[in-house]
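What's in input.cif: mmCIF, C-alpha atoms
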```
data_query
#
loop_
_atom_site.label_atom_id
_atom_site.label_comp_id
_atom_site.auth_asym_id
_atom_site.auth_seq_id
_atom_site.Cartn_x
_atom_site.Cartn_y
_atom_site.Cartn_z
CA MET A 735 0.00 0.00 0.00
CA GLU A 736 1.20 3.49 -0.70
CA GLY A 737 1.86 5.86 2.16
CA ASP A 738 0.42 9.32 2.59
CA GLY A 739 1.89 12.43 0.97
CA SER A 740 4.60 12.88 3.61
CA MET A 741 5.94 9.39 2.88
CA HIS A 742 6.01 9.63 -0.89
CA SER A 743 9.40 9.42 -2.53
CA SER A 744 10.61 12.43 -4.48
CA GLU A 745 10.22 10.35 -7.64
CA GLU A 746 6.54 9.68 -6.92
CA ARG A 747 5.85 13.33 -6.09
CA GLY A 748 7.63 14.37 -9.26
CA ALA A 749 5.49 12.02 -11.35
CA GLU A 750 2.33 13.43 -9.77
CA ARG A 751 3.40 17.03 -10.38
CA SER A 752 4.25 16.30 -14.00
CA MET A 753 0.89 14.62 -14.57
CA ASP A 754 -0.98 17.45 -12.85
CA GLU A 755 0.75 20.04 -15.01
CA TYR A 756 -0.04 18.11 -18.20
CA LEU A 757 -3.69 17.59 -17.26
CA LYS A 758 -4.02 21.27 -16.38
CA SER A 759 -2.64 22.22 -19.80
CA ILE A 760 -5.52 20.36 -21.47
CA GLY A 761 -8.22 21.61 -19.11
CA LEU A 762 -8.35 18.61 -16.77
CA HIS A 763 -7.71 18.01 -13.09
CA ARG A 764 -6.60 14.95 -11.12
CA LYS A 765 -8.79 14.36 -8.09
CA LYS A 766 -7.00 12.32 -5.46
CA ILE A 767 -8.53 9.00 -4.50
CA ALA A 768 -7.70 7.10 -1.29
CA LYS A 769 -4.45 5.20 -1.75
CA ASP A 770 -5.58 1.68 -0.98
CA GLY A 771 -6.63 -1.47 -2.81
CA SER A 772 -10.07 -0.01 -3.55
CA CYS A 773 -8.91 3.09 -5.44
CA LEU A 774 -10.28 1.83 -8.78
CA PHE A 775 -13.66 0.93 -7.29
CA ARG A 776 -13.82 4.25 -5.41
CA ALA A 777 -13.24 6.19 -8.64
CA VAL A 778 -15.82 4.15 -10.56
CA ALA A 779 -18.38 4.49 -7.75
CA GLU A 780 -17.96 8.26 -7.80
CA GLN A 781 -18.05 8.70 -11.57
CA VAL A 782 -20.82 6.19 -12.30
CA LEU A 783 -22.95 6.11 -9.14
CA HIS A 784 -22.03 9.64 -7.95
CA CYS A 785 -21.11 8.35 -4.48
CA GLN A 786 -17.58 7.21 -3.71
CA SER A 787 -18.65 5.40 -0.53
CA LEU A 788 -20.45 2.82 -2.69
CA HIS A 789 -17.11 1.33 -3.73
CA THR A 790 -17.75 -1.87 -1.76
CA GLN A 791 -20.96 -2.43 -3.72
CA VAL A 792 -19.13 -1.84 -7.01
CA ARG A 793 -16.49 -4.40 -6.00
CA ALA A 794 -19.14 -6.94 -5.00
CA LYS A 795 -20.98 -6.49 -8.32
CA CYS A 796 -17.69 -6.91 -10.18
CA VAL A 797 -16.97 -10.19 -8.39
CA GLU A 798 -20.47 -11.45 -9.19
CA PHE A 799 -20.18 -10.37 -12.84
CA LEU A 800 -16.86 -12.18 -13.26
CA LYS A 801 -18.33 -15.29 -11.66
CA GLU A 802 -21.32 -15.24 -14.02
CA ASN A 803 -19.09 -14.63 -17.06
CA ARG A 804 -16.26 -16.95 -16.13
CA GLU A 805 -15.75 -18.23 -19.67
CA SER A 806 -14.90 -14.72 -20.91
CA TYR A 807 -12.31 -13.87 -18.23
CA GLU A 808 -10.83 -17.07 -16.82
CA ALA A 809 -8.14 -17.27 -19.52
CA PHE A 810 -6.71 -13.92 -18.35
CA ILE A 811 -6.32 -15.00 -14.72
CA GLU A 812 -3.17 -16.70 -13.44
CA GLY A 813 -3.86 -19.57 -11.08
CA ASP A 814 -7.15 -20.89 -9.77
CA PHE A 815 -10.17 -18.78 -10.79
CA GLU A 816 -12.13 -19.53 -7.60
CA GLU A 817 -9.22 -18.46 -5.46
CA TYR A 818 -8.91 -15.30 -7.53
CA LEU A 819 -12.58 -14.44 -6.94
CA PHE A 820 -12.20 -15.10 -3.22
CA LYS A 821 -9.22 -12.74 -2.95
CA LEU A 822 -10.97 -10.10 -5.07
CA GLN A 823 -13.64 -9.72 -2.37
CA ASP A 824 -11.01 -8.29 -0.02
CA PRO A 825 -11.34 -4.44 0.02
CA GLN A 826 -7.54 -4.18 0.14
CA GLN A 827 -6.96 -6.41 -2.89
CA TRP A 828 -5.32 -4.48 -5.74
CA VAL A 829 -6.87 -4.86 -9.20
CA GLY A 830 -6.03 -4.14 -12.81
CA GLU A 831 -7.10 -4.53 -16.43
CA VAL A 832 -9.25 -7.63 -16.02
CA GLU A 833 -11.46 -5.84 -13.51
CA ILE A 834 -11.50 -2.66 -15.59
CA ASN A 835 -12.73 -4.59 -18.62
CA ALA A 836 -15.44 -6.19 -16.52
CA LEU A 837 -16.51 -2.83 -15.09
CA ALA A 838 -16.64 -1.35 -18.59
CA VAL A 839 -19.12 -3.97 -19.74
CA MET A 840 -21.09 -3.81 -16.47
CA TYR A 841 -21.66 -0.07 -16.65
CA LYS A 842 -21.37 0.35 -20.43
CA ARG A 843 -18.58 2.90 -20.14
CA ASP A 844 -15.19 2.89 -21.77
CA PHE A 845 -12.14 3.65 -19.61
CA LEU A 846 -9.82 6.46 -20.70
CA ILE A 847 -6.62 6.29 -18.65
CA PHE A 848 -3.78 8.81 -18.53
CA GLN A 849 -0.63 6.82 -17.89
CA GLU A 850 2.18 9.19 -18.78
CA ALA A 851 2.52 12.98 -18.59
CA GLY A 852 2.50 14.57 -22.02
CA LYS A 853 0.63 11.71 -23.66
CA PRO A 854 -3.14 11.49 -24.28
CA ALA A 855 -5.36 9.05 -22.44
CA VAL A 856 -5.50 5.49 -23.71
CA ASN A 857 -8.91 3.90 -24.32
CA ILE A 858 -7.99 0.53 -22.86
CA THR A 859 -11.49 -0.99 -23.18
CA ASP A 860 -12.45 0.36 -26.62
CA ASN A 861 -16.05 -0.89 -26.68
CA ASN A 862 -17.38 2.24 -28.44
CA PHE A 863 -19.54 3.12 -25.45
CA LYS A 864 -20.83 6.68 -25.43
CA ASP A 865 -20.06 7.36 -21.76
CA LYS A 866 -16.54 7.29 -20.33
CA VAL A 867 -14.68 6.90 -17.05
CA GLN A 868 -11.53 9.05 -16.96
CA LEU A 869 -8.71 7.91 -14.72
CA CYS A 870 -5.06 8.62 -14.09
CA PHE A 871 -2.67 5.71 -13.38
CA LEU A 872 0.36 6.66 -11.30
CA ASN A 873 3.29 4.99 -9.57
CA GLY A 874 2.50 1.51 -10.82
CA ASN A 875 -0.55 0.68 -8.72
CA HIS A 876 -2.81 3.64 -8.07
CA TYR A 877 -5.82 5.16 -9.85
CA ASP A 878 -7.09 8.73 -9.39
CA SER A 879 -10.14 10.31 -11.01
CA VAL A 880 -9.80 12.88 -13.78
CA TYR A 881 -12.38 15.66 -14.27
CA PRO A 882 -12.64 18.83 -16.36
CA ILE A 883 -11.42 21.87 -14.43
CA SER A 884 -14.79 23.52 -15.09
CA ARG A 885 -16.51 20.74 -13.13
CA VAL A 886 -14.19 21.26 -10.15
CA LYS A 887 -14.88 25.00 -10.18
CA SER A 888 -18.62 24.39 -10.17
CA ALA A 889 -18.28 21.86 -7.35
CA ALA A 890 -16.29 24.35 -5.25
CA LEU A 891 -19.04 26.93 -5.63
CA CYS A 892 -21.74 24.39 -4.72
CA GLN A 893 -19.76 23.31 -1.67
CA SER A 894 -19.50 26.87 -0.40
CA ILE A 895 -23.28 27.32 -0.76
CA LEU A 896 -23.93 24.08 1.10
CA TYR A 897 -21.63 25.05 3.97
CA GLU A 898 -23.20 28.50 4.11
CA LEU A 899 -26.60 26.86 4.58
CA LEU A 900 -25.12 24.59 7.24
CA TYR A 901 -23.48 27.31 9.32
CA ASP A 902 -26.32 29.78 8.88
CA GLY A 903 -29.38 27.53 9.11
CA VAL A 904 -28.13 24.81 11.48
CA PHE A 905 -25.35 26.39 13.53
CA ASN A 906 -26.89 29.89 13.47
CA ALA A 907 -23.56 31.54 12.75
CA ASP A 908 -23.36 35.32 12.55
CA ARG A 909 -24.10 36.40 8.96
CA SER A 910 -21.59 39.22 9.24
CA SER A 911 -18.88 36.59 9.81
CA LEU A 912 -19.95 34.42 6.89
CA GLY A 913 -19.93 37.16 4.26
CA PRO A 914 -16.19 37.98 4.27
CA CYS A 915 -15.35 34.26 3.98
CA GLN A 916 -17.36 33.99 0.79
CA ARG A 917 -15.93 37.12 -0.79
CA SER A 918 -12.26 36.63 0.07
CA ALA A 919 -9.84 34.00 -1.09
CA ARG A 920 -6.16 33.36 -0.69
CA ALA A 921 -4.06 33.36 -3.86
CA SER A 922 -3.25 29.67 -3.38
CA ASP A 923 -6.95 28.79 -3.38
CA LEU A 924 -7.96 30.38 -6.66
CA LEU A 925 -9.30 28.00 -9.28
CA SER A 926 -7.83 29.84 -12.23
CA ASP A 927 -5.97 28.71 -15.29
CA ASP A 928 -2.76 30.01 -13.73
CA ASN A 929 -3.29 28.53 -10.28
CA MET A 930 -5.05 25.23 -9.74
CA ASN A 931 -4.18 24.33 -6.17
CA VAL A 932 -7.14 22.15 -5.27
CA CYS A 933 -7.80 18.65 -3.99
CA ALA A 934 -4.81 18.64 -1.68
CA SER A 935 -5.29 16.81 1.58
CA SER A 936 -7.02 19.66 3.35
CA ASP A 937 -6.78 18.72 7.00
CA GLU A 938 -6.57 22.41 7.81
CA SER A 939 -9.99 22.99 6.22
CA ASP A 940 -11.97 20.44 8.21
CA LEU A 941 -13.59 21.06 11.58
CA GLU A 942 -12.11 18.49 13.93
CA ALA A 943 -14.03 16.98 16.82
CA GLY A 944 -13.45 19.24 19.80
CA ASP A 945 -12.57 22.31 17.75
CA ALA A 946 -14.38 25.54 18.44
CA LEU A 947 -16.91 26.76 15.91
CA TRP A 948 -16.03 30.26 17.08
CA VAL A 949 -12.62 31.50 18.15
CA GLN A 950 -12.27 34.20 20.73
CA SER A 951 -11.20 37.66 19.62
CA GLU A 952 -9.87 40.48 21.77
CA THR A 953 -13.34 41.88 22.39
CA SER A 954 -14.94 38.55 23.31
CA THR A 955 -15.03 36.86 26.67
CA THR A 956 -16.84 33.65 25.68
CA THR A 957 -16.30 30.88 23.18
CA THR A 958 -18.95 28.53 21.78
CA ARG A 959 -17.97 24.91 21.28
CA HIS A 960 -19.54 22.91 18.48
CA ASN A 961 -19.43 19.60 20.32
CA ASN A 962 -21.14 20.36 23.61
CA GLN A 963 -22.88 23.75 23.53
CA SER A 964 -25.55 25.47 21.50
CA TYR A 965 -24.61 27.67 18.57
CA ARG A 966 -27.38 30.10 19.35
CA GLY A 967 -26.51 33.51 20.61
CA ARG A 968 -24.83 35.38 17.79
CA GLY A 969 -22.53 37.37 19.96
CA ARG A 970 -20.16 39.94 18.59
CA GLY A 971 -16.41 39.74 18.98
CA ARG A 972 -16.18 36.18 17.71
CA GLN A 973 -14.74 35.03 14.43
CA LEU A 974 -14.81 31.79 12.51
CA PRO A 975 -11.63 29.67 12.63
CA GLU A 976 -9.59 28.99 9.52
CA ARG A 977 -11.10 25.56 8.86
CA VAL A 978 -14.61 26.95 8.72
CA ARG A 979 -13.63 30.02 6.70
CA ARG A 980 -12.03 27.82 4.05
CA SER A 981 -15.17 25.70 3.75
CA LEU A 982 -17.07 28.87 2.77
CA ASN A 983 -14.53 29.86 0.14
CA PRO A 984 -16.21 29.45 -3.30
CA THR A 985 -12.82 29.11 -5.02
CA LEU A 986 -11.55 26.21 -2.90
CA PHE A 987 -12.66 22.68 -3.75
CA ARG A 988 -12.53 20.36 -0.77
CA ASN A 989 -11.79 16.71 -1.54
CA VAL A 990 -13.86 15.47 1.40
CA ALA A 991 -13.67 11.74 0.61
CA TYR A 992 -9.87 11.87 0.43
CA ASP A 993 -9.66 13.93 3.62
CA VAL A 994 -11.82 11.44 5.52
CA TRP A 995 -9.66 8.52 4.36
CA HIS A 996 -6.47 10.43 5.19
CA LYS A 997 -7.65 11.29 8.71
CA THR A 998 -8.92 7.75 9.34
CA LYS A 999 -5.60 6.34 8.22
CA ARG A 1000 -3.66 8.65 10.53
CA ALA A 1001 -5.93 7.72 13.45
CA GLN A 1002 -5.38 4.02 12.75
CA GLN A 1003 -1.63 4.53 12.56
CA LYS A 1004 -1.71 6.32 15.90
CA MET A 1005 -3.72 3.49 17.45
CA ASP A 1006 -1.37 0.87 16.01
CA TYR A 1007 1.59 2.77 17.43
CA SER A 1008 -0.08 2.92 20.84
CA ILE A 1009 -0.78 -0.82 20.80
CA ALA A 1010 2.79 -1.57 19.75
CA ALA A 1011 4.14 0.68 22.49
CA GLY A 1012 1.94 -1.01 25.08
CA MET A 1013 3.31 -4.41 24.13
CA GLN A 1014 6.85 -3.23 24.80
CA PHE A 1015 6.40 -1.94 28.34
CA THR A 1016 6.52 -4.02 31.54
CA VAL A 1017 6.76 -3.15 35.22
CA GLY A 1018 10.29 -2.06 36.13
CA ASP A 1019 11.17 -0.71 32.67
CA ARG A 1020 12.87 2.65 32.44
CA CYS A 1021 11.21 5.26 30.23
CA GLN A 1022 10.95 8.98 29.54
CA VAL A 1023 7.84 11.00 30.26
CA ARG A 1024 6.61 14.39 29.07
CA LEU A 1025 3.99 15.88 31.42
CA ASP A 1026 0.95 17.94 30.37
CA GLY A 1027 2.14 18.40 26.83
CA GLY A 1028 5.19 20.34 28.02
CA GLY A 1029 8.56 20.29 26.36
CA ARG A 1030 10.56 18.91 29.29
CA VAL A 1031 11.23 15.19 29.51
CA TYR A 1032 11.62 13.33 32.84
CA SER A 1033 13.25 9.98 33.49
CA ALA A 1034 10.88 7.51 35.10
CA THR A 1035 10.32 3.89 36.10
CA ILE A 1036 7.15 2.00 35.15
CA ARG A 1037 5.26 0.82 38.24
CA GLU A 1038 2.00 -0.38 36.68
CA VAL A 1039 0.78 -1.13 33.14
CA SER A 1040 -2.99 -0.87 32.56
CA PRO A 1041 -4.81 -3.36 30.34
CA ASN A 1042 -6.04 -2.45 26.86
CA ASN A 1043 -3.27 0.13 26.40
CA GLY A 1044 -4.63 2.38 29.11
CA PRO A 1045 -2.56 4.89 31.15
CA VAL A 1046 0.77 3.73 32.57
CA THR A 1047 1.70 4.49 36.18
CA VAL A 1048 5.28 5.70 36.47
CA TYR A 1049 7.54 6.93 39.25
CA LEU A 1050 9.34 10.19 38.46
CA GLU A 1051 12.62 10.18 40.38
CA GLU A 1052 13.32 13.88 39.98
CA LEU A 1053 9.89 14.86 41.29
CA GLY A 1054 9.65 12.04 43.81
CA THR A 1055 6.08 11.23 42.82
CA ARG A 1056 3.92 8.74 40.92
CA LYS A 1057 1.95 9.80 37.86
CA GLN A 1058 -0.45 8.19 35.40
CA VAL A 1059 0.51 9.02 31.83
CA PRO A 1060 -0.81 7.88 28.44
CA LEU A 1061 1.30 5.60 26.26
#
```
Let me see the file written as structure tokens.
Amino acid sequence: MEGDGSMHSSEERGAERSMDEYLKSIGLHRKKIAKDGSCLFRAVAEQVLHCQSLHTQVRAKCVEFLKENRESYEAFIEGDFEEYLFKLQDPQQWVGEVEINALAVMYKRDFLIFQEAGKPAVNITDNNFKDKVQLCFLNGNHYDSVYPISRVKSAALCQSILYELLYDGVFNADRSSLGPCQRSARASDLLSDDNMNVCASSDESDLEAGDALWVQSETSTTTTRHNNQSYRGRGRGRQLPERVRRSLNPTLFRNVAYDVWHKTKRAQQKMDYSIAAGMQFTVGDRCQVRLDGGGRVYSATIREVSPNNGPVTVYLEELGTRKQVPL
């Protein structure tokens, strides 16, 4: 499986940049798809069924179609066909041209795939279907969606309207705070022919659980939290945080499906790290502890390890006290 953007090699990033520049030059845009074994099915679900989250259903239908049409596809499969179908049901199983050809017939759409920067898309199914699925194949095992830039611009505008309705009608945000967000845009956000910086992993544009809907300004003495207090009471002196302001920007397209996958993956990695760390610690081990998110590190001895990767009780020699700290 490919890693996230921070783990990409310079060669992979260079290939993506080159492809993005080429697609931009012909009026197209690469929309990032989650980098896992379901990337092809995610892209097809979004382009055909208009809902990327239906990728598991698309995969299941593909497996069933191949089973029903075994005589047409078995010759292209190495090894046992039944075993192949069993493995294909796994959401993390990577796929290729056999599955693409099956999907083309299933949905009556030819697949146009950009495989190299500077070269036009290849119609790898060539069934003369009227409708198409446009994809980009990068780094040997990953498919992203390809859309006209005009479609992305329209989607960005629709997103901003939707979020305006959300913050105004549901969260009762102050209209005077919403207006400037809709009228202003940073240069890096503009969806213009000269600057097409969209669809990046936009963690900074999403409202995290526990984040404030409003941030306190110099003239405000209260802050409203979106997770445990009402949004009513449109007090002055409060301003929307950056994540919310960006969601109202009509020139910034937010790749929500990719963001959700990216955040989920990071959370899973954090959990896996915590579990791995918990397996390493036993009573009597020496460790280092950072208290209350501070910068200073204390030497300590583990006195008690909680089950299920709970807090660890340590003795801090320098402070002469016991503390419970998270893994």
Exercise: Leu788 in chain A partners within 12 Å, all atoms listed in the file, chain neighbours under 5 positions left out, as JSON, numbers by chain
{"A": [772, 773, 774, 775, 776, 777, 778, 779, 780, 781, 782, 783, 793, 794, 795, 825, 991]}
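Take the PyMOL selection byres ((chain A and resi 878) around 7) and apply it to this file: it picks Arg764, Lys765, Lys766, Ile767, Ala777, Leu869, Cys870, Phe871, His876, Tyr877, Ser879 and Val880 of chain A.
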Residues matched by the PyMOL selection byres ((chain A and resi 828) around 7) as a ChimeraX atom specification
/A:771-772,826-827,829
Leu819 in chain A: which residues within 9 Å, counting all atoms listed in the file, same-chain residues fewer than 4 positions away excluded, as a VMD selection string?
chain A and resid 797 to 798 800 to 801 814 to 815 823
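We find CA of Tyr881 in chain A and CA of Val978 in chain A to be spaced 25.7 Å apart.
Straight-line separation from CA of Ala768 in chain A to CA of Asp993 in chain A: 8.6 Å.
Using only C-alpha atoms for every distance, the candidate list A:Val1017, A:Val856, A:Ala1034, A:Leu912 yields A:Leu912 as the residue closest to Pro975 in chain A.
Between Cys915 in chain A and the residues A:Pro984, A:Gly1018, A:Gly813, A:Gly761, the shortest atom-to-atom distance, using only C-alpha atoms, involves A:Pro984.
Between CA of His789 in chain A and CA of Arg804 in chain A there is a distance of 22.1 Å.
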Contacts of Glu1038 in chain A at 7 Å or less, counting only C-alpha atoms, minus same-chain residues fewer than 4 places along, as a PDB file with C-alpha atoms, keeping the file's coordinate frame?
```pdb
ATOM      1  CA  VAL A1017       6.760  -3.150  35.220  1.00  0.00           C
ATOM      2  CA  VAL A1046       0.770   3.730  32.570  1.00  0.00           C
ATOM      3  CA  THR A1047       1.700   4.490  36.180  1.00  0.00           C
ATOM      4  CA  VAL A1048       5.280   5.700  36.470  1.00  0.00           C
TER       5      VAL A1048
END
```
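Remark: for Pro854 in chain A, the closest of the candidate residues A:Gln893, A:Ser759, A:Ser911, A:Ser981 is A:Ser759 (distances computed over only C-alpha atoms).
Using all atoms listed in the file for every distance, the candidate list A:Glu833, A:Asn989, A:Gly852, A:Gln1058 yields A:Gln1058 as the residue closest to Asp1026 in chain A.
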Matched chain/residue IDs from the PyMOL selection byres ((chain A and resi 1051) around 10), as a PyMOL selection string:
chain A and resi 1032-1035+1048-1050+1052-1056
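Between Arg980 in chain A and the candidates A:Glu898, A:Pro1045, A:Phe1015, A:Gly1029, the tightest atom-to-atom separation, counting all atoms listed in the file, involves A:Glu898.
Residue nearest Met753 in chain A, chosen from A:Asn873, A:Asn857, A:Ser1040, A:Asn862 and counting all atoms listed in the file: A:Asn873.
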Using the file's own x, y and z axes, so that the box edges lie along x, y and z, what centre and edge lengths in Å (one decimal) does a box around every listed atom of range 806-813 of chain A get when 3 Å is added on each side? Give it as AutoDock Vina command-line options.
```
--center_x -9.0 --center_y -16.7 --center_z -16.0 --size_x 17.7 --size_y 11.7 --size_z 15.8
```
